[in-house]
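The file model-v6.txt contains compact mmCIF, C-alpha atoms:
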```txt
# COMPACT_ATOMS: atom_id res chain seq x y z
CA MET A 1 1.97 -65.40 13.97
CA LYS A 2 1.58 -63.75 17.33
CA VAL A 3 0.31 -60.20 17.52
CA ARG A 4 0.08 -57.83 20.42
CA GLY A 5 -0.20 -54.14 21.05
CA GLU A 6 -2.17 -51.44 22.74
CA GLN A 7 -4.19 -48.36 22.00
CA THR A 8 -5.72 -45.75 24.25
CA LEU A 9 -9.27 -44.55 23.66
CA PRO A 10 -10.34 -41.19 25.13
CA LEU A 11 -13.40 -42.75 26.74
CA GLU A 12 -14.50 -44.01 30.14
CA PRO A 13 -14.16 -47.82 30.40
CA ALA A 14 -17.93 -48.28 30.18
CA SER A 15 -18.20 -46.25 26.94
CA ALA A 16 -15.08 -47.90 25.54
CA TRP A 17 -16.64 -51.30 26.22
CA GLU A 18 -19.78 -50.21 24.39
CA LEU A 19 -17.78 -48.95 21.40
CA LEU A 20 -15.81 -52.18 21.21
CA LEU A 21 -19.02 -54.20 21.04
CA ASN A 22 -20.85 -51.90 18.67
CA THR A 23 -20.96 -53.80 15.39
CA ASP A 24 -21.33 -50.64 13.30
CA ALA A 25 -18.20 -49.24 14.92
CA LEU A 26 -16.33 -52.52 14.48
CA ALA A 27 -17.38 -52.77 10.83
CA ARG A 28 -16.23 -49.20 10.16
CA ALA A 29 -12.93 -49.85 11.91
CA MET A 30 -12.01 -53.07 10.09
CA PRO A 31 -10.02 -52.06 7.00
CA GLY A 32 -12.05 -52.78 3.87
CA CYS A 33 -15.01 -54.23 5.78
CA GLU A 34 -18.23 -53.89 3.86
CA GLY A 35 -20.50 -54.58 6.82
CA LEU A 36 -21.33 -57.11 9.49
CA THR A 37 -24.63 -58.99 9.28
CA PRO A 38 -25.89 -60.77 12.42
CA LEU A 39 -25.97 -64.58 12.12
CA GLY A 40 -26.84 -65.38 15.73
CA PRO A 41 -25.91 -64.24 19.22
CA ASP A 42 -22.47 -62.63 19.05
CA GLU A 43 -21.85 -64.01 15.58
CA TYR A 44 -21.74 -61.97 12.37
CA GLU A 45 -21.18 -62.52 8.70
CA MET A 46 -18.36 -60.41 7.32
CA LYS A 47 -17.27 -59.26 3.87
CA MET A 48 -13.91 -57.60 3.50
CA LYS A 49 -12.21 -56.05 0.51
CA ILE A 50 -8.45 -56.08 1.01
CA ALA A 51 -6.23 -53.76 -1.01
CA VAL A 52 -2.54 -53.67 -0.14
CA ALA A 53 0.07 -52.60 -2.68
CA SER A 54 -1.33 -53.89 -5.98
CA ILE A 55 -2.96 -56.88 -4.32
CA GLN A 56 -6.74 -56.85 -4.24
CA GLY A 57 -9.04 -59.51 -2.92
CA LEU A 58 -12.42 -60.21 -1.43
CA PHE A 59 -12.66 -62.17 1.78
CA ALA A 60 -15.91 -63.54 3.17
CA GLY A 61 -16.21 -65.01 6.63
CA LYS A 62 -17.33 -64.60 10.19
CA VAL A 63 -16.67 -62.44 13.20
CA ARG A 64 -17.46 -63.91 16.59
CA ILE A 65 -17.39 -62.34 20.03
CA ALA A 66 -16.68 -64.69 22.95
CA ASP A 67 -15.70 -64.80 26.61
CA ARG A 68 -17.48 -61.55 27.46
CA ASN A 69 -16.28 -60.24 30.77
CA PRO A 70 -17.67 -56.66 30.93
CA PRO A 71 -16.09 -54.19 31.17
CA ASP A 72 -12.68 -55.86 31.35
CA SER A 73 -12.15 -58.14 28.39
CA TYR A 74 -13.56 -60.18 25.54
CA ARG A 75 -12.25 -62.33 22.76
CA LEU A 76 -12.66 -61.47 19.07
CA HIS A 77 -12.51 -64.28 16.51
CA ILE A 78 -12.23 -63.50 12.82
CA GLU A 79 -12.10 -65.87 9.90
CA GLY A 80 -12.25 -65.14 6.23
CA GLN A 81 -11.75 -66.93 2.97
CA GLY A 82 -11.37 -65.81 -0.62
CA LYS A 83 -9.62 -66.58 -3.87
CA LEU A 84 -6.37 -65.32 -2.41
CA GLY A 85 -6.41 -67.66 0.60
CA PHE A 86 -7.67 -67.63 4.13
CA VAL A 87 -7.18 -65.64 7.32
CA ARG A 88 -7.99 -66.85 10.82
CA GLY A 89 -7.38 -64.79 13.89
CA SER A 90 -8.30 -64.64 17.49
CA GLY A 91 -7.37 -62.06 20.07
CA LEU A 92 -8.11 -61.14 23.64
CA LEU A 93 -8.94 -57.47 24.13
CA SER A 94 -8.40 -56.23 27.67
CA LEU A 95 -9.57 -52.84 28.88
CA SER A 96 -8.03 -50.92 31.75
CA PRO A 97 -8.60 -47.33 32.86
CA ASP A 98 -5.68 -44.94 32.48
CA ALA A 99 -5.07 -41.21 32.86
CA THR A 100 -6.46 -40.21 29.47
CA GLY A 101 -9.23 -42.76 29.08
CA THR A 102 -9.17 -46.49 28.56
CA ARG A 103 -6.22 -48.53 27.49
CA ILE A 104 -6.96 -51.50 25.27
CA THR A 105 -4.34 -54.22 25.24
CA TYR A 106 -4.66 -56.91 22.62
CA GLU A 107 -2.91 -60.19 22.35
CA GLY A 108 -3.63 -62.93 19.90
CA GLU A 109 -2.69 -65.12 17.05
CA VAL A 110 -3.26 -64.81 13.30
CA GLN A 111 -2.90 -67.49 10.65
CA VAL A 112 -2.79 -66.74 6.94
CA GLY A 113 -2.73 -69.50 4.34
CA GLY A 114 -3.33 -70.30 0.71
CA LEU A 115 -2.01 -68.51 -2.36
CA ILE A 116 -1.27 -65.25 -0.60
CA ALA A 117 0.84 -66.99 2.05
CA SER A 118 2.78 -69.14 -0.38
CA VAL A 119 3.84 -66.30 -2.65
CA GLY A 120 3.79 -63.38 -0.25
CA GLU A 121 5.39 -64.79 2.89
CA ARG A 122 7.77 -61.85 3.10
CA MET A 123 4.81 -59.45 3.32
CA LEU A 124 2.51 -61.34 5.67
CA ASP A 125 3.86 -60.18 8.99
CA VAL A 126 4.04 -56.53 8.04
CA THR A 127 0.64 -56.34 6.34
CA THR A 128 -1.16 -58.29 9.08
CA LYS A 129 0.23 -55.96 11.73
CA MET A 130 -0.60 -52.96 9.58
CA MET A 131 -4.26 -54.08 9.24
CA ILE A 132 -4.57 -54.64 12.98
CA GLY A 133 -2.93 -51.29 13.64
CA ARG A 134 -5.41 -49.59 11.30
CA PHE A 135 -8.33 -51.30 13.03
CA PHE A 136 -7.34 -49.91 16.42
CA ASN A 137 -6.46 -46.49 15.00
CA ASN A 138 -9.86 -46.32 13.34
CA LEU A 139 -11.50 -47.21 16.65
CA ALA A 140 -9.51 -44.47 18.37
CA GLN A 141 -10.64 -42.05 15.65
CA GLN A 142 -14.27 -42.95 16.29
CA ALA A 143 -13.75 -42.59 20.03
CA HIS A 144 -12.33 -39.09 19.45
CA GLU A 145 -15.39 -38.14 17.42
CA GLN A 146 -17.59 -39.45 20.22
CA SER A 147 -15.80 -37.79 23.14
CA MET B 3 0.86 -67.51 -14.66
CA ILE B 4 -1.53 -65.83 -17.06
CA PRO B 5 -3.16 -62.62 -15.84
CA GLN B 6 -6.85 -61.84 -15.98
CA SER B 7 -7.80 -59.91 -19.08
CA PHE B 8 -7.43 -56.15 -18.84
CA GLU B 9 -7.57 -53.04 -20.98
CA TYR B 10 -4.22 -51.48 -21.86
CA SER B 11 -3.36 -47.88 -22.69
CA ALA B 12 0.03 -46.37 -23.42
CA PRO B 13 -0.47 -42.60 -23.33
CA GLU B 14 2.32 -40.37 -24.63
CA SER B 15 1.90 -37.50 -22.19
CA VAL B 16 1.47 -37.12 -18.44
CA SER B 17 -1.74 -35.15 -18.88
CA GLU B 18 -3.25 -37.96 -20.95
CA ALA B 19 -2.16 -40.53 -18.34
CA LEU B 20 -3.78 -38.45 -15.57
CA ARG B 21 -6.97 -38.09 -17.59
CA LEU B 22 -7.18 -41.88 -18.03
CA LEU B 23 -6.34 -42.48 -14.38
CA GLY B 24 -9.15 -40.16 -13.32
CA SER B 25 -11.75 -41.53 -15.69
CA VAL B 26 -11.31 -45.32 -15.73
CA GLU B 27 -12.59 -47.45 -12.86
CA ASN B 28 -10.12 -49.89 -11.20
CA SER B 29 -7.15 -48.69 -13.23
CA ARG B 30 -3.53 -49.13 -12.28
CA VAL B 31 -0.42 -47.27 -13.38
CA LEU B 32 2.38 -49.40 -14.85
CA ALA B 33 5.93 -48.06 -14.62
CA GLY B 34 8.65 -50.72 -14.98
CA GLY B 35 6.27 -53.50 -14.00
CA GLN B 36 8.70 -55.36 -11.75
CA SER B 37 6.19 -55.58 -8.89
CA LEU B 38 2.82 -55.12 -10.58
CA ILE B 39 3.26 -57.66 -13.41
CA PRO B 40 4.25 -60.61 -11.17
CA MET B 41 1.25 -59.84 -8.94
CA MET B 42 -1.03 -59.78 -11.98
CA LYS B 43 0.40 -63.04 -13.29
CA LEU B 44 -0.22 -64.67 -9.91
CA ARG B 45 -3.71 -63.15 -10.03
CA LEU B 46 -3.15 -61.46 -6.71
CA SER B 47 -3.82 -58.26 -8.60
CA GLY B 48 -6.47 -57.85 -11.27
CA PRO B 49 -6.82 -54.27 -12.47
CA ALA B 50 -9.42 -53.68 -15.17
CA HIS B 51 -7.20 -51.17 -16.93
CA VAL B 52 -3.42 -50.78 -17.04
CA ILE B 53 -1.99 -47.37 -17.90
CA ASP B 54 1.58 -47.82 -19.13
CA LEU B 55 3.83 -44.79 -18.57
CA GLY B 56 6.65 -46.28 -20.67
CA ARG B 57 6.07 -44.09 -23.72
CA ILE B 58 5.94 -40.78 -21.91
CA ALA B 59 9.18 -39.11 -23.03
CA GLU B 60 8.89 -36.26 -20.50
CA LEU B 61 9.38 -38.70 -17.59
CA HIS B 62 12.79 -39.91 -18.80
CA TYR B 63 15.61 -37.65 -17.60
CA ILE B 64 18.36 -37.21 -15.04
CA ALA B 65 19.34 -33.56 -14.88
CA GLN B 66 21.34 -31.35 -12.59
CA THR B 67 19.87 -27.99 -11.66
CA ASN B 68 21.31 -25.56 -9.12
CA GLY B 69 22.27 -27.67 -6.12
CA SER B 70 20.11 -30.69 -6.87
CA VAL B 71 19.64 -33.58 -9.26
CA ARG B 72 16.17 -34.27 -10.65
CA LEU B 73 15.23 -37.73 -11.85
CA GLY B 74 12.17 -38.31 -14.00
CA ALA B 75 9.96 -41.08 -12.59
CA MET B 76 10.69 -43.42 -15.50
CA SER B 77 14.47 -43.42 -15.03
CA THR B 78 15.41 -47.09 -14.76
CA HIS B 79 17.56 -48.38 -11.92
CA ASN B 80 20.32 -49.06 -14.42
CA GLN B 81 20.19 -45.51 -15.83
CA VAL B 82 20.48 -44.21 -12.27
CA ALA B 83 23.35 -46.60 -11.47
CA VAL B 84 25.46 -45.55 -14.47
CA SER B 85 24.53 -41.85 -14.60
CA GLU B 86 27.63 -39.67 -14.82
CA THR B 87 25.67 -36.77 -13.30
CA LEU B 88 24.85 -38.83 -10.23
CA ARG B 89 28.31 -40.42 -9.94
CA ARG B 90 29.62 -36.87 -9.72
CA SER B 91 26.94 -35.13 -7.68
CA CYS B 92 25.14 -37.80 -5.68
CA PRO B 93 27.03 -41.11 -5.82
CA LEU B 94 24.96 -42.61 -2.99
CA LEU B 95 21.84 -42.81 -5.16
CA ALA B 96 23.78 -44.41 -8.03
CA GLU B 97 25.32 -46.94 -5.66
CA VAL B 98 21.93 -47.89 -4.22
CA ALA B 99 20.39 -48.26 -7.69
CA GLY B 100 23.20 -50.62 -8.69
CA ARG B 101 22.35 -52.91 -5.77
CA ILE B 102 18.68 -53.39 -6.64
CA GLY B 103 17.55 -56.88 -7.69
CA ASP B 104 19.32 -58.29 -10.75
CA PRO B 105 20.20 -56.90 -14.21
CA GLN B 106 16.75 -57.69 -15.63
CA VAL B 107 15.04 -55.82 -12.80
CA ARG B 108 17.47 -52.90 -13.11
CA ASN B 109 16.85 -52.60 -16.84
CA LEU B 110 13.08 -52.33 -16.44
CA GLY B 111 12.32 -51.18 -12.89
CA THR B 112 12.08 -47.43 -12.35
CA ILE B 113 12.69 -45.01 -9.51
CA GLY B 114 9.13 -43.68 -9.76
CA GLY B 115 7.61 -47.16 -9.70
CA SER B 116 9.69 -48.32 -6.75
CA THR B 117 8.92 -45.14 -4.84
CA ALA B 118 5.18 -45.34 -5.45
CA HIS B 119 5.09 -49.05 -4.58
CA ALA B 120 6.85 -48.44 -1.22
CA ASP B 121 7.93 -52.00 -0.54
CA PRO B 122 9.28 -51.99 3.03
CA ALA B 123 12.42 -53.83 1.84
CA ALA B 124 13.07 -51.85 -1.36
CA ASP B 125 16.52 -50.25 -1.68
CA TYR B 126 15.74 -46.73 -2.91
CA PRO B 127 13.87 -45.57 0.21
CA ALA B 128 17.06 -45.91 2.34
CA ALA B 129 18.85 -43.44 0.05
CA LEU B 130 15.85 -41.14 -0.32
CA GLN B 131 15.52 -40.92 3.47
CA ALA B 132 19.24 -40.36 4.04
CA LEU B 133 19.40 -37.74 1.28
CA ARG B 134 16.27 -35.93 2.50
CA ALA B 135 14.94 -36.31 -1.04
CA GLN B 136 11.80 -34.60 -2.28
CA ILE B 137 9.19 -36.37 -4.36
CA ARG B 138 7.11 -34.34 -6.78
CA LEU B 139 3.60 -35.67 -7.38
CA VAL B 140 1.21 -34.55 -10.08
CA GLY B 141 -2.55 -34.99 -10.26
CA ALA B 142 -5.24 -33.54 -12.48
CA GLY B 143 -4.59 -29.80 -12.49
CA GLN B 144 -2.39 -29.80 -9.41
CA GLU B 145 1.02 -30.78 -8.17
CA ARG B 146 2.84 -30.92 -4.84
CA THR B 147 6.23 -31.82 -3.48
CA VAL B 148 6.56 -34.08 -0.45
CA SER B 149 9.68 -34.97 1.56
CA ALA B 150 10.68 -38.66 1.64
CA GLU B 151 10.00 -38.70 5.35
CA ASP B 152 6.40 -37.57 4.79
CA PHE B 153 5.96 -39.68 1.67
CA PHE B 154 6.61 -43.18 3.05
CA LEU B 155 3.78 -43.72 5.54
CA ASP B 156 3.67 -47.45 6.10
CA ALA B 157 4.33 -50.70 4.26
CA PHE B 158 3.09 -50.21 0.67
CA THR B 159 1.41 -47.01 1.82
CA THR B 160 2.47 -43.54 0.69
CA ALA B 161 1.23 -39.98 0.60
CA LEU B 162 0.32 -40.51 -3.07
CA GLY B 163 -3.34 -39.59 -3.43
CA GLU B 164 -5.93 -41.05 -5.73
CA GLY B 165 -5.39 -39.85 -9.30
CA GLU B 166 -1.81 -38.78 -8.61
CA ILE B 167 1.44 -40.14 -10.03
CA VAL B 168 5.08 -39.67 -9.06
CA TYR B 169 6.55 -37.20 -11.56
CA GLU B 170 10.11 -36.87 -10.34
CA VAL B 171 12.48 -37.45 -7.45
CA ILE B 172 14.74 -34.57 -6.39
CA VAL B 173 17.94 -35.19 -4.44
CA PRO B 174 20.40 -32.56 -3.21
CA ALA B 175 23.87 -32.57 -4.78
CA ASP B 176 26.52 -33.59 -2.27
CA ALA B 177 28.41 -30.88 -0.41
CA PRO B 178 32.18 -31.11 -1.02
CA GLY B 179 33.96 -33.65 1.19
CA LEU B 180 30.92 -35.78 1.90
CA GLY B 181 31.52 -39.55 1.94
CA SER B 182 28.69 -41.97 1.33
CA ALA B 183 27.99 -45.70 1.26
CA TYR B 184 25.18 -48.22 1.03
CA VAL B 185 25.47 -51.52 2.84
CA LYS B 186 22.78 -54.14 2.65
CA LEU B 187 22.32 -57.63 3.94
CA GLN B 188 19.95 -59.21 1.51
CA GLN B 189 17.62 -62.11 1.12
CA PRO B 190 19.68 -64.19 -1.31
CA ALA B 191 16.80 -65.30 -3.52
CA SER B 192 14.96 -62.00 -3.98
CA GLY B 193 17.75 -59.51 -3.32
CA PHE B 194 15.39 -57.57 -1.05
CA ALA B 195 17.03 -55.95 1.95
CA VAL B 196 16.96 -57.66 5.34
CA ALA B 197 18.72 -54.51 6.48
CA GLY B 198 19.82 -51.82 4.05
CA VAL B 199 21.61 -48.74 5.32
CA ALA B 200 22.49 -45.65 3.29
CA ALA B 201 24.88 -43.30 5.06
CA GLN B 202 26.58 -39.98 4.42
CA VAL B 203 29.32 -38.56 6.62
CA ALA B 204 31.38 -35.36 6.54
CA VAL B 205 34.27 -34.54 8.86
CA SER B 206 35.68 -31.22 9.98
CA GLY B 207 38.67 -30.87 12.31
CA GLY B 208 38.53 -34.52 13.37
CA GLN B 209 34.87 -34.28 14.32
CA ILE B 210 31.83 -35.52 12.46
CA SER B 211 30.10 -32.45 11.07
CA THR B 212 27.35 -34.11 9.03
CA ALA B 213 25.73 -37.54 9.41
CA ARG B 214 22.75 -38.80 7.50
CA VAL B 215 21.44 -42.32 7.81
CA GLY B 216 18.45 -43.91 6.06
CA ILE B 217 17.37 -47.50 6.75
CA THR B 218 15.21 -49.91 4.77
CA GLY B 219 14.06 -53.51 5.22
CA VAL B 220 14.06 -53.41 9.00
CA GLY B 221 10.69 -51.93 9.93
CA ALA B 222 7.33 -51.57 8.20
CA LYS B 223 8.65 -48.48 6.46
CA SER B 224 11.99 -46.92 5.64
CA TYR B 225 13.16 -44.29 8.08
CA VAL B 226 15.75 -41.70 8.99
CA ALA B 227 17.82 -43.12 11.87
CA GLN B 228 17.62 -39.90 13.84
CA ALA B 229 19.12 -41.39 17.02
CA VAL B 230 22.19 -42.57 15.09
CA GLU B 231 22.64 -39.18 13.42
CA ASN B 232 22.35 -37.38 16.75
CA ALA B 233 24.93 -39.69 18.32
CA LEU B 234 27.44 -38.87 15.57
CA VAL B 235 27.34 -35.14 14.91
CA GLY B 236 29.89 -33.20 16.96
CA ARG B 237 31.69 -36.34 18.14
CA PRO B 238 35.23 -37.42 17.21
CA ALA B 239 35.39 -39.35 13.93
CA THR B 240 36.58 -42.60 15.50
CA ALA B 241 35.59 -46.25 15.23
CA ALA B 242 34.32 -46.10 18.80
CA THR B 243 31.90 -43.27 17.97
CA LEU B 244 30.56 -45.19 14.96
CA ALA B 245 30.16 -48.41 16.93
CA GLN B 246 28.30 -46.67 19.71
CA ALA B 247 25.99 -44.77 17.36
CA SER B 248 25.22 -47.90 15.30
CA ARG B 249 23.66 -49.58 18.29
CA LEU B 250 20.80 -47.10 17.98
CA ALA B 251 19.99 -48.14 14.38
CA ALA B 252 16.66 -49.77 15.16
CA GLN B 253 15.77 -47.82 18.28
CA GLY B 254 12.01 -47.49 18.60
CA VAL B 255 11.39 -49.58 15.47
CA GLU B 256 9.33 -52.73 15.53
CA ALA B 257 11.39 -55.05 13.34
CA LEU B 258 9.82 -57.21 10.64
CA ASN B 259 9.60 -60.95 10.99
CA ASP B 260 9.60 -63.51 8.20
CA LEU B 261 10.82 -67.04 7.56
CA TYR B 262 14.21 -65.79 6.43
CA ALA B 263 14.94 -63.24 9.14
CA GLN B 264 13.37 -62.96 12.56
CA ALA B 265 12.87 -59.64 14.28
CA ASP B 266 15.80 -59.89 16.73
CA TYR B 267 18.18 -61.00 13.98
CA ARG B 268 17.01 -58.14 11.77
CA THR B 269 17.51 -55.64 14.56
CA HIS B 270 21.05 -56.88 15.05
CA MET B 271 21.76 -56.83 11.31
CA ALA B 272 20.51 -53.23 11.16
CA GLN B 273 23.18 -52.32 13.71
CA VAL B 274 25.89 -54.23 11.83
CA ALA B 275 24.96 -52.75 8.45
CA THR B 276 24.82 -49.26 9.98
CA ARG B 277 28.30 -49.61 11.45
CA ARG B 278 29.73 -50.86 8.15
CA ALA B 279 27.99 -48.17 6.09
CA LEU B 280 29.29 -45.47 8.44
CA GLN B 281 32.84 -46.88 8.32
CA GLN B 282 32.81 -46.92 4.51
CA ALA B 283 31.29 -43.45 4.27
CA LEU B 284 33.81 -42.08 6.73
CA ALA B 285 36.70 -43.60 4.78
CA LEU B 286 35.49 -41.70 1.69
CA ALA B 287 34.90 -38.39 3.49
CA LYS B 288 37.56 -35.72 2.88
```
Please rewrite the model in this file as structure tokens.
Amino acid sequence: MKVRGEQTLPLEPASAWELLLNTDALARAMPGCEGLTPLGPDEYEMKMKIAVASIQGLFAGKVRIADRNPPDSYRLHIEGQGKLGFVRGSGLLSLSPDATGTRITYEGEVQVGGLIASVGERMLDVTTKMMIGRFFNNLAQQAHEQS
Amino acid sequence: MIPQSFEYSAPESVSEALRLLGSVENSRVLAGGQSLIPMMKLRLSGPAHVIDLGRIAELHYIAQTNGSVRLGAMSTHNQVAVSETLRRSCPLLAEVAGRIGDPQVRNLGTIGGSTAHADPAADYPAALQALRAQIRLVGAGQERTVSAEDFFLDAFTTALGEGEIVYEVIVPADAPGLGSAYVKLQQPASGFAVAGVAAQVAVSGGQISTARVGITGVGAKSYVAQAVENALVGRPATAATLAQASRLAAQGVEALNDLYAQADYRTHMAQVATRRALQQALALAK
């Protein structure tokens, strides 16, 4: 499924870029993320505890940062697997200055498969978008605390 | 289709249920079980402890008190659908309850469970939004009342805090002359709403004096269609007014997308269901 959206951070582009590449900030912003452990350059191990409605599940996987083009854009790859199924996503985050700070535009693609996709198809679109929305809202929250 | 093993308690009072909820790790409240049990059987959900509210007598009632009807959280959909009190004082809620799922679901599912679960395609939220219902929540040693608009925050996400349960739902009794209707286009297999619209209309001197519209199934959460309401009140009660207002049904809402109904189709169906619900409500308004 395709996802896109935008969020404004009350930060200068240079500070916004830093926040978006700060793994502690990213880990805190990802819903249910229990931390990112470096595996190599721009690659991290990820553990995520998902809880939506009565569904609970642990996902383990990787987060990778690619195509760095400071301070304009980079690509974020996420993949995770658990008993409930798998999630794979990739999105391009573009930064542009605007009146109140920096606007982040994201555009990407998410795939969900396995048990959760076969029985919960009706809920996939809405929950995926909700998780992504929370991620960017959490980042904005952190940016507010910083500014 | 066999759940993971779990502890089970069936307390007989709300205070005992709250005590258990606050003291047991990874516990989950069971109301009618029409969403939780399938998830447990598929092992998408694996609570360590299930607290069944089914034996709590104080949560079973539908009662009229000055100007409003109060429904205990454990009122089943069927009890709501056939309630004489509601048929008289708030027929919209009874009509919506009668359209939920199938007879098995209606005999077990409850208004409190459905409300707390907050499925974006559930039927009740459309009515609760349109009616400006209040939801009373209780937690250990405290309680609060939240409007439907502030209660439903996102898909499967509500204002319900940790350690709280839904105690009752409060809806206003209809003012005289009010007409109401619920129209839903549904996913044929599940019965869940692709677009479900609950509407209330009152007319005075040929003009629409009251219009309330709640919509479910279209976006990530149910909502009050404020733009539609604004486009109705004070205008002549004609088909043209209704048609024009209905076009605003999904204004500013990012429509859901699934294999059965794509976002643009859903948006269009929201407009169609809104027009039909308004026509039916208007026909019943006196």
Handout entry: Nearby residues (only C-alpha atoms) at most 9 Å from B:Glu231, same-chain spacing under 2 positions excluded, as a ChimeraX atom specification
Key = /B:212-215,226-229,233-235,247
Using all atoms listed in the file, the shortest atom-to-atom distance to chain A among B:Val71, B:Ala257, B:Leu55, B:Ala83 belongs to B:Ala257
Using only C-alpha atoms, which residues of chain B come within 7 Å of chain A, and what is the closest atom pair for each, with the distance in Å to one decimal? Give it as a Markdown table, sorted by chain and residue number.
```
| residue | atom | partner | partner_atom | distance |
| --- | --- | --- | --- | --- |
| B:Leu38 | CA | A:Ser54 | CA | 6.3 |
| B:Met41 | CA | A:Ile55 | CA | 6.9 |
| B:Leu46 | CA | A:Ile55 | CA | 5.2 |
| B:Ser47 | CA | A:Ile55 | CA | 4.6 |
| B:His119 | CA | A:Ala53 | CA | 6.4 |
| B:Ala157 | CA | A:Val126 | CA | 7.0 |
| B:Phe158 | CA | A:Ala53 | CA | 5.1 |
| B:Ala222 | CA | A:Val126 | CA | 6.0 |
| B:Leu258 | CA | A:Val126 | CA | 6.4 |
| B:Asn259 | CA | A:Asp125 | CA | 6.1 |
| B:Asp260 | CA | A:Arg122 | CA | 5.7 |
```
So that I can see what lies close to stretch 126-133 of chain B, please list as a PyMOL selection string the residues with an atom at most 7 Å from it, counting all atoms listed in the file and leaving out residues fewer than 4 positions away in the same chain.
chain B and resi 94-95+98-99+150-151+173-174+198-201+214-218+224-226
Query - From A:Met48, A:Ala14, A:Leu93, A:Met131, residue lying nearest A:Asp67 [only C-alpha atoms] - result: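 Using only C-alpha atoms, A:Asp67 sits closest to A:Leu93.
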- Task: Would you please work out which residue, of B:Ile102, B:Ala239, B:Ala197, B:Leu250, is nearest to B:Ala272 when using only C-alpha atoms?
- Result: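 Of B:Ile102, B:Ala239, B:Ala197, B:Leu250, the one nearest B:Ala272, counting only C-alpha atoms, is B:Ala197.
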From the list B:Ala204, B:Ala118, B:Leu110, B:Ala191, the nearest residue to B:Leu155 using only C-alpha atoms is B:Ala118
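One distance worth recording is that between atom CA of B:Asp176 and atom CA of B:His270, which is 29.5 Å.
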Exercise for the section: Considering only C-alpha atoms, return as a count of residues only whatever protein or nucleic-acid residues lie within 9 Å of stretch 17-30 of chain B, sequence-local ones (same chain, fewer than 5 positions apart) excluded. Expected result: 22
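Proximity ranking of B:Val230, B:Gly69, B:Ala59, B:Thr117 relative to B:Phe153 places B:Thr117 first, based on all atoms listed in the file.
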Discussion item. Taking 6 positions as the minimum chain separation for residues in the same chain, which residues sit within 12 Å of B:Ala242 when counting only C-alpha atoms? Answer as a list in words.
Written reply: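 In the requested form, the answer reads Ala233, Leu234, Ser248, Arg249, Arg277, Leu280 and Gln281 of chain B.
Picture a line from atom CA of A:Tyr44 to atom CA of A:Arg28; it runs 14.1 Å.
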Expressed in Å, the length from atom CA of A:Gly85 to atom CA of A:Val112 is 7.4 Å
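The shortest atom-to-atom distance to A:Tyr74, with all atoms listed in the file taken into account, belongs to A:Leu21 out of A:Leu36, A:Ile50, A:Leu21, A:Met30.
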Mind checking which residues fall within 8 Å of B:His62, counting only C-alpha atoms, ignoring those fewer than 2 positions away in the same chain, and posting them as JSON, numbers by chain?
-> {"B": [58, 59, 60, 64, 73, 74, 75, 76, 77]}
Incomplete stretch 80-91 of chain A brought to N, CA and C atoms, written out as an mmCIF file, keeping the file's coordinate frame:
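Okay, result_19.cif is ready:
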```cif
data_model
loop_
_atom_site.group_PDB
_atom_site.id
_atom_site.type_symbol
_atom_site.label_atom_id
_atom_site.label_comp_id
_atom_site.auth_asym_id
_atom_site.auth_seq_id
_atom_site.Cartn_x
_atom_site.Cartn_y
_atom_site.Cartn_z
ATOM 1 N N GLY A 80 -11.828 -65.549 7.562
ATOM 2 C CA GLY A 80 -12.250 -65.140 6.230
ATOM 3 C C GLY A 80 -11.587 -65.978 5.176
ATOM 4 N N GLN A 81 -12.273 -66.110 4.050
ATOM 5 C CA GLN A 81 -11.750 -66.930 2.970
ATOM 6 C C GLN A 81 -12.050 -66.236 1.646
ATOM 7 N N GLY A 82 -11.147 -66.389 0.714
ATOM 8 C CA GLY A 82 -11.370 -65.810 -0.620
ATOM 9 C C GLY A 82 -10.470 -66.502 -1.613
ATOM 10 N N LYS A 83 -10.447 -65.972 -2.825
ATOM 11 C CA LYS A 83 -9.620 -66.580 -3.870
ATOM 12 C C LYS A 83 -8.136 -66.535 -3.504
ATOM 13 N N LEU A 84 -7.779 -65.507 -2.732
ATOM 14 C CA LEU A 84 -6.370 -65.320 -2.410
ATOM 15 C C LEU A 84 -5.875 -66.236 -1.294
ATOM 16 N N GLY A 85 -6.820 -66.805 -0.518
ATOM 17 C CA GLY A 85 -6.410 -67.660 0.600
ATOM 18 C C GLY A 85 -7.340 -67.479 1.771
ATOM 19 N N PHE A 86 -6.816 -67.792 2.946
ATOM 20 C CA PHE A 86 -7.670 -67.630 4.130
ATOM 21 C C PHE A 86 -6.915 -66.903 5.237
ATOM 22 N N VAL A 87 -7.709 -66.314 6.136
ATOM 23 C CA VAL A 87 -7.180 -65.640 7.320
ATOM 24 C C VAL A 87 -7.984 -66.133 8.509
ATOM 25 N N ARG A 88 -7.298 -66.489 9.580
ATOM 26 C CA ARG A 88 -7.990 -66.850 10.820
ATOM 27 C C ARG A 88 -7.269 -66.131 11.941
ATOM 28 N N GLY A 89 -8.037 -65.489 12.795
ATOM 29 C CA GLY A 89 -7.380 -64.790 13.890
ATOM 30 C C GLY A 89 -8.234 -64.794 15.124
ATOM 31 N N SER A 90 -7.587 -64.696 16.238
ATOM 32 C CA SER A 90 -8.300 -64.640 17.490
ATOM 33 C C SER A 90 -7.475 -63.812 18.465
ATOM 34 N N GLY A 91 -8.129 -62.908 19.152
ATOM 35 C CA GLY A 91 -7.370 -62.060 20.070
ATOM 36 C C GLY A 91 -8.176 -61.691 21.294
#
```
